[in-house]
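Visitor: Take this structure first; my questions come after.
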Amino acid sequence: MADIIDGKALAEDVVAKVKVETATLAKSDVTPGLAVVIVGEDPASQVYVASKSRRAKECGFHSVQHSLPVETSEHALVSLVEDLNADPAIHGILVQLPLPEHIDETRIIQAIDPEKDVDGFHFINVGRLGTGALDSAFVPCTPAGAMLMLERVRGKDLSGLSAVVIGRSNIVGKPMANLLLAANATVTIAHSRTKDLPALARTADILVAAVGRPEMIRGDWVKLGATVIDVGINRIPAPEKGEGKTRLVGDVAFAEAKESAGAITPVPGGVGPMTIAMLMANTLTSAFRTAGLEPPAF
Ligand code: NAD
């Protein structure tokens, strides 16, 4: 039976450290500043943005939220990003995705100053991560959080271990694979065109699922003793809770997989809470770097 890796508790540890280090920075008269920008009324995005702003305040940050109407032009959004780039009180800029269709997401992300790109999506930060320049990169928050969870079980050096990442998105799969590689794992990236995924998954000492398909990864895909990191967040009907009710599940069939895994992250309460915690950590890191100080390690 697997150990359950508690993402809520680990996220609280990260946030507690951010608070302590924010107080340390205050002695140098620096307050980490995070600007969160949202365009439109997407309900899920509104919830995410509100929790990001709330967490930032809780950490003692200067927290700014820009809520723009859905008809905001690309030009106006670029102008806002440029203003935030130039604002010395802001160390982190996060533009909530997805953006409305008339706005080119790539153009907006590339307009963010790479030194304030706390989401880690700018080409410069992708390149830094890809070349192993982790000291200067901003690493995307979800894979950064997943790595921290993995470290708790396997340590920082994954030499000799095989890792399979299912999913090749720019937000999760690819950066996760790069982080695993930087930690010396032998990494395979699987995706929708991969042949015999169950057999490949069974070779993994570390199995990361970032697919977006409820409980696709079955128990018999999991090698005995493997560490399973389930990034997926899927809402499915839960008639057992009453008519019209839903519940969240991961990409991994948790009840089955925990029988063979050595350690596994649950959904909810696994990778999910880590994402916002790592956003706080990235913003703090940015403030330390701007002040010419060595950022704390997480
Ligand atoms: P995405 O849709 O961008 O990418 C999904 C990937 O899965 C693709 O690379 C695709 O090739 C692969 N895939 C699809 N079907 C497959 C199949 N049948 N077999 C193998 N591979 C398949 O999604 P994403 O943004 O990477 O997110 C993945 C999951 O992680 C989603 O459930 C999302 O909600 C969740 N997520 C969670 C957090 C968080 O914890 N905070 C953050 C981001 C994403």
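Convention: chains lettered A, B, ... in structure tokens order; per-chain residue numbering from 1; ligands numbered from 1 as shown.
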Residues of chain A that approach ligand 1 to 9 Å or less, counting only C-alpha atoms and all ligand atoms: could you list each one with the shortest pair of atoms and its distance in Å to one decimal, rows by chain and increasing residue number, as JSON lines?
Guide:
{"residue": "A:Cys141", "atom": "CA", "partner": "ligand 1", "partner_atom_place_in_ligand_line": "41 (N)", "distance": 7.9}
{"residue": "A:Thr142", "atom": "CA", "partner": "ligand 1", "partner_atom_place_in_ligand_line": "42 (C)", "distance": 5.4}
{"residue": "A:Pro143", "atom": "CA", "partner": "ligand 1", "partner_atom_place_in_ligand_line": "42 (C)", "distance": 8.2}
{"residue": "A:Gly145", "atom": "CA", "partner": "ligand 1", "partner_atom_place_in_ligand_line": "40 (O)", "distance": 8.7}
{"residue": "A:Ala146", "atom": "CA", "partner": "ligand 1", "partner_atom_place_in_ligand_line": "40 (O)", "distance": 8.5}
{"residue": "A:Ile166", "atom": "CA", "partner": "ligand 1", "partner_atom_place_in_ligand_line": "21 (N)", "distance": 5.6}
{"residue": "A:Gly167", "atom": "CA", "partner": "ligand 1", "partner_atom_place_in_ligand_line": "7 (O)", "distance": 3.7}
{"residue": "A:Arg168", "atom": "CA", "partner": "ligand 1", "partner_atom_place_in_ligand_line": "9 (O)", "distance": 3.6}
{"residue": "A:Ser169", "atom": "CA", "partner": "ligand 1", "partner_atom_place_in_ligand_line": "26 (O)", "distance": 4.5}
{"residue": "A:Asn170", "atom": "CA", "partner": "ligand 1", "partner_atom_place_in_ligand_line": "26 (O)", "distance": 7.0}
{"residue": "A:Ile171", "atom": "CA", "partner": "ligand 1", "partner_atom_place_in_ligand_line": "25 (O)", "distance": 5.7}
{"residue": "A:Val172", "atom": "CA", "partner": "ligand 1", "partner_atom_place_in_ligand_line": "26 (O)", "distance": 4.7}
{"residue": "A:Gly173", "atom": "CA", "partner": "ligand 1", "partner_atom_place_in_ligand_line": "26 (O)", "distance": 5.8}
{"residue": "A:Lys174", "atom": "CA", "partner": "ligand 1", "partner_atom_place_in_ligand_line": "9 (O)", "distance": 8.6}
{"residue": "A:Ala190", "atom": "CA", "partner": "ligand 1", "partner_atom_place_in_ligand_line": "21 (N)", "distance": 6.2}
{"residue": "A:His191", "atom": "CA", "partner": "ligand 1", "partner_atom_place_in_ligand_line": "21 (N)", "distance": 3.5}
{"residue": "A:Ser192", "atom": "CA", "partner": "ligand 1", "partner_atom_place_in_ligand_line": "21 (N)", "distance": 3.6}
{"residue": "A:Arg193", "atom": "CA", "partner": "ligand 1", "partner_atom_place_in_ligand_line": "20 (C)", "distance": 6.8}
{"residue": "A:Thr194", "atom": "CA", "partner": "ligand 1", "partner_atom_place_in_ligand_line": "20 (C)", "distance": 6.6}
{"residue": "A:Leu197", "atom": "CA", "partner": "ligand 1", "partner_atom_place_in_ligand_line": "20 (C)", "distance": 7.1}
{"residue": "A:Ala209", "atom": "CA", "partner": "ligand 1", "partner_atom_place_in_ligand_line": "29 (C)", "distance": 7.5}
{"residue": "A:Ala210", "atom": "CA", "partner": "ligand 1", "partner_atom_place_in_ligand_line": "28 (C)", "distance": 4.0}
{"residue": "A:Val211", "atom": "CA", "partner": "ligand 1", "partner_atom_place_in_ligand_line": "7 (O)", "distance": 3.5}
{"residue": "A:Gly212", "atom": "CA", "partner": "ligand 1", "partner_atom_place_in_ligand_line": "32 (O)", "distance": 3.1}
{"residue": "A:Arg213", "atom": "CA", "partner": "ligand 1", "partner_atom_place_in_ligand_line": "32 (O)", "distance": 6.4}
{"residue": "A:Pro214", "atom": "CA", "partner": "ligand 1", "partner_atom_place_in_ligand_line": "32 (O)", "distance": 7.7}
{"residue": "A:Met216", "atom": "CA", "partner": "ligand 1", "partner_atom_place_in_ligand_line": "18 (N)", "distance": 7.7}
{"residue": "A:Asp230", "atom": "CA", "partner": "ligand 1", "partner_atom_place_in_ligand_line": "30 (O)", "distance": 8.0}
{"residue": "A:Val231", "atom": "CA", "partner": "ligand 1", "partner_atom_place_in_ligand_line": "30 (O)", "distance": 4.7}
{"residue": "A:Gly232", "atom": "CA", "partner": "ligand 1", "partner_atom_place_in_ligand_line": "32 (O)", "distance": 3.4}
{"residue": "A:Ile233", "atom": "CA", "partner": "ligand 1", "partner_atom_place_in_ligand_line": "32 (O)", "distance": 4.1}
{"residue": "A:Asn234", "atom": "CA", "partner": "ligand 1", "partner_atom_place_in_ligand_line": "32 (O)", "distance": 5.4}
{"residue": "A:Arg235", "atom": "CA", "partner": "ligand 1", "partner_atom_place_in_ligand_line": "32 (O)", "distance": 9.0}
{"residue": "A:Val249", "atom": "CA", "partner": "ligand 1", "partner_atom_place_in_ligand_line": "32 (O)", "distance": 8.9}
{"residue": "A:Gly250", "atom": "CA", "partner": "ligand 1", "partner_atom_place_in_ligand_line": "32 (O)", "distance": 6.9}
{"residue": "A:Asp251", "atom": "CA", "partner": "ligand 1", "partner_atom_place_in_ligand_line": "32 (O)", "distance": 6.7}
{"residue": "A:Val267", "atom": "CA", "partner": "ligand 1", "partner_atom_place_in_ligand_line": "40 (O)", "distance": 8.9}
{"residue": "A:Pro268", "atom": "CA", "partner": "ligand 1", "partner_atom_place_in_ligand_line": "40 (O)", "distance": 8.9}
{"residue": "A:Gly270", "atom": "CA", "partner": "ligand 1", "partner_atom_place_in_ligand_line": "40 (O)", "distance": 7.7}
{"residue": "A:Val271", "atom": "CA", "partner": "ligand 1", "partner_atom_place_in_ligand_line": "40 (O)", "distance": 4.9}
{"residue": "A:Gly272", "atom": "CA", "partner": "ligand 1", "partner_atom_place_in_ligand_line": "40 (O)", "distance": 3.5}
{"residue": "A:Pro273", "atom": "CA", "partner": "ligand 1", "partner_atom_place_in_ligand_line": "41 (N)", "distance": 6.8}
{"residue": "A:Met274", "atom": "CA", "partner": "ligand 1", "partner_atom_place_in_ligand_line": "41 (N)", "distance": 7.1}
{"residue": "A:Thr275", "atom": "CA", "partner": "ligand 1", "partner_atom_place_in_ligand_line": "41 (N)", "distance": 5.0}
{"residue": "A:Ile276", "atom": "CA", "partner": "ligand 1", "partner_atom_place_in_ligand_line": "41 (N)", "distance": 7.5}
Visitor: Quick one: everything within 7 Å of Asp3 of chain A, counting only C-alpha atoms, minus sequence neighbours fewer than 6 positions away in the same chain. Send it as a list in words.
Guide: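 Near neighbours after the sequence-gap exclusion: Gly262, Ala263 and Ile264 of chain A.
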Visitor: Hey, what's within 7 Å of segment 75-86 of chain A if we count only C-alpha atoms and toss same-chain stuff fewer than 6 positions away? As a PyMOL selection string, please?
Guide: chain A and resi 108+111-113
Visitor: Looking at only C-alpha atoms, which of A:Ala204, A:Ala133, A:Ala9, A:Ile229 is the one that sits closest to Asn178 of chain A?
Guide: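 Once distances to Asn178 of chain A are computed over only C-alpha atoms, the minimum belongs to A:Ala133.
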Visitor: Using only C-alpha atoms, can you tell me which of A:Ala281, A:Ala89, A:Phe121, A:Glu74 comes closest to Glu101 of chain A?
Guide: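 Of A:Ala281, A:Ala89, A:Phe121, A:Glu74, the one nearest Glu101 of chain A is A:Glu74, counting only C-alpha atoms.
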Visitor: From the list A:Lys245, A:His102, A:Arg154, A:His91, which residue is nearest Asp117 of chain A when using only C-alpha atoms?
Guide: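 Among the listed residues, A:His91 lies closest to Asp117 of chain A.
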Visitor: Need to verify the contact set: Phe61 of chain A, 9 Å, only C-alpha atoms, exclusion of same-chain residues closer than 4 positions in sequence. Can you return it as an MDAnalysis selection string?
Guide: chainID A and resid 19 22 31:34 55:57 280 283:284
Visitor: Please write the residues from the selection above to a file, keeping N, CA and C atoms, as a compact mmCIF listing (two decimals), in the first residue's frame.
Guide:
# COMPACT_ATOMS: atom_id res chain seq x y z
N LYS A 19 6.62 33.20 3.78
CA LYS A 19 6.30 34.26 4.74
C LYS A 19 7.54 34.67 5.53
N THR A 22 9.87 36.55 3.30
CA THR A 22 9.33 37.88 2.97
C THR A 22 9.64 38.84 4.11
N THR A 31 9.47 44.58 -0.66
CA THR A 31 8.24 43.79 -0.54
C THR A 31 7.98 43.12 -1.87
N PRO A 32 7.93 41.78 -1.91
CA PRO A 32 7.65 41.12 -3.19
C PRO A 32 6.30 41.60 -3.75
N GLY A 33 6.27 41.90 -5.03
CA GLY A 33 5.03 42.39 -5.65
C GLY A 33 4.57 41.44 -6.75
N LEU A 34 3.31 41.04 -6.69
CA LEU A 34 2.74 40.14 -7.71
C LEU A 34 1.54 40.81 -8.37
N ARG A 55 -3.59 34.44 -1.63
CA ARG A 55 -2.36 33.83 -1.12
C ARG A 55 -1.23 34.85 -1.05
N ALA A 56 -1.16 35.70 -2.11
CA ALA A 56 -0.09 36.70 -2.17
C ALA A 56 -0.21 37.66 -0.98
N LYS A 57 -1.43 38.07 -0.68
CA LYS A 57 -1.65 38.98 0.47
C LYS A 57 -1.25 38.28 1.76
N MET A 280 3.99 31.65 -5.35
CA MET A 280 4.49 32.53 -4.28
C MET A 280 6.02 32.42 -4.18
N THR A 283 7.66 34.26 -7.04
CA THR A 283 7.59 35.73 -6.88
C THR A 283 8.63 36.19 -5.85
N LEU A 284 8.75 35.41 -4.77
CA LEU A 284 9.76 35.72 -3.75
C LEU A 284 11.16 35.66 -4.37
Visitor: Which residue is closest to Val252 of chain A? Choose from A:Val126, A:Leu179, A:Ile217, A:Leu207 and count only C-alpha atoms.
Guide: A:Ile217
Visitor: Ser45 of chain A: which residues within 12 Å, counting only C-alpha atoms, same-chain residues fewer than 4 positions away excluded, as a list of chain:residue names?
Guide: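 With the cut-off at 12 Å, the set is A:Val36, A:Val37, A:Ile38, A:Val39, A:Gly40, A:Glu41, A:Val49, A:Ala50, A:Ser51, A:Lys52, A:Ser67, A:Val95, A:Gln96, A:Leu97, A:Pro98, A:Leu99, A:Pro100.
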Visitor: Grab the residues selected above and save them as a CSV table (one decimal), in the first residue's frame with N, CA and C atoms.
Guide:
chain,number,residue,atom,x,y,z
A,36,VAL,N,-1.5,40.1,-10.9
A,36,VAL,CA,-2.3,39.1,-11.6
A,36,VAL,C,-3.3,39.7,-12.6
A,37,VAL,N,-3.2,39.3,-13.8
A,37,VAL,CA,-4.1,40.0,-14.8
A,37,VAL,C,-5.1,38.9,-15.4
A,38,ILE,N,-6.4,39.3,-15.4
A,38,ILE,CA,-7.4,38.4,-15.9
A,38,ILE,C,-8.2,39.2,-16.9
A,39,VAL,N,-8.5,38.5,-18.0
A,39,VAL,CA,-9.3,39.2,-19.1
A,39,VAL,C,-10.6,38.3,-19.3
A,40,GLY,N,-11.7,38.9,-19.0
A,40,GLY,CA,-13.0,38.2,-19.2
A,40,GLY,C,-13.5,37.6,-17.9
A,41,GLU,N,-14.6,36.8,-18.1
A,41,GLU,CA,-15.4,36.3,-17.0
A,41,GLU,C,-15.3,34.8,-16.7
A,49,VAL,N,-7.7,33.1,-10.0
A,49,VAL,CA,-7.0,34.4,-9.8
A,49,VAL,C,-7.3,34.9,-8.4
A,50,ALA,N,-8.5,34.7,-7.9
A,50,ALA,CA,-8.9,35.2,-6.6
A,50,ALA,C,-8.0,34.4,-5.6
A,51,SER,N,-7.7,33.1,-5.7
A,51,SER,CA,-6.9,32.4,-4.8
A,51,SER,C,-5.5,32.8,-4.9
A,52,LYS,N,-5.0,33.2,-6.1
A,52,LYS,CA,-3.6,33.6,-6.2
A,52,LYS,C,-3.4,35.0,-5.5
A,67,SER,N,-8.5,43.2,-13.4
A,67,SER,CA,-9.6,42.5,-14.0
A,67,SER,C,-10.1,43.3,-15.2
A,95,VAL,N,-0.3,36.5,-16.3
A,95,VAL,CA,-1.5,36.7,-17.1
A,95,VAL,C,-2.3,35.4,-17.1
A,96,GLN,N,-3.5,35.4,-16.6
A,96,GLN,CA,-4.2,34.1,-16.4
A,96,GLN,C,-4.6,33.6,-17.8
A,97,LEU,N,-4.4,32.4,-18.1
A,97,LEU,CA,-4.8,31.7,-19.4
A,97,LEU,C,-6.0,30.9,-19.1
A,98,PRO,N,-6.9,30.6,-20.1
A,98,PRO,CA,-6.8,31.1,-21.4
A,98,PRO,C,-7.3,32.5,-21.6
A,99,LEU,N,-6.8,33.2,-22.6
A,99,LEU,CA,-7.2,34.5,-23.0
A,99,LEU,C,-8.3,34.4,-24.0
A,100,PRO,N,-9.1,35.5,-24.1
A,100,PRO,CA,-10.2,35.4,-25.2
A,100,PRO,C,-9.6,35.2,-26.6
Visitor: Contacts of Val222 of chain A at 7 Å or less, counting only C-alpha atoms, minus same-chain residues fewer than 6 places along, as a VMD selection string?
Guide: chain A and resid 201 to 202 257 260 to 261
Visitor: Give me, as an MDAnalysis selection string, the residues of segment 70-127 of chain A that a backbone DSSP run labels helix (DSSP H, G or I).
Guide: chainID A and resid 74:86 105:111 114:116 123:127
Visitor: Out of A:Leu248, A:Ala199, A:Val14, A:Ala182, which residue has the shortest atom-to-atom distance to Arg128 of chain A when counting only C-alpha atoms?
Guide: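 Selected residue with least distance to Arg128 of chain A: A:Ala182.
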Visitor: Please return as JSON, numbers by chain: the residues of segment 5-225 of chain A that backbone DSSP assigns to strand (DSSP E or B).
Guide: {"A": [33, 34, 35, 36, 37, 38, 39, 62, 63, 64, 65, 66, 67, 68, 92, 93, 94, 95, 162, 163, 164, 165, 166, 186, 187, 188, 189, 190, 206, 207, 208, 209, 217]}
Visitor: Counting only C-alpha atoms, which residue out of A:Val187, A:Leu148, A:Val47, A:Met176 sits closest to Ala11 of chain A?
Guide: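 Using only C-alpha atoms, Ala11 of chain A sits closest to A:Leu148.
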Visitor: Which residues come within 10 Å of Glu259 of chain A, counting only C-alpha atoms, excluding same-chain residues fewer than 4 positions away, as a VMD selection string?
Guide: chain A and resid 1 to 2 219 to 220 222 224 to 225 254 to 255 263 to 264
Visitor: Rounded to one decimal in Å, what is the spacing between atom CA of Val165 of chain A and atom CA of Ile206 of chain A?
Guide: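 A separation of 8.3 Å between them.
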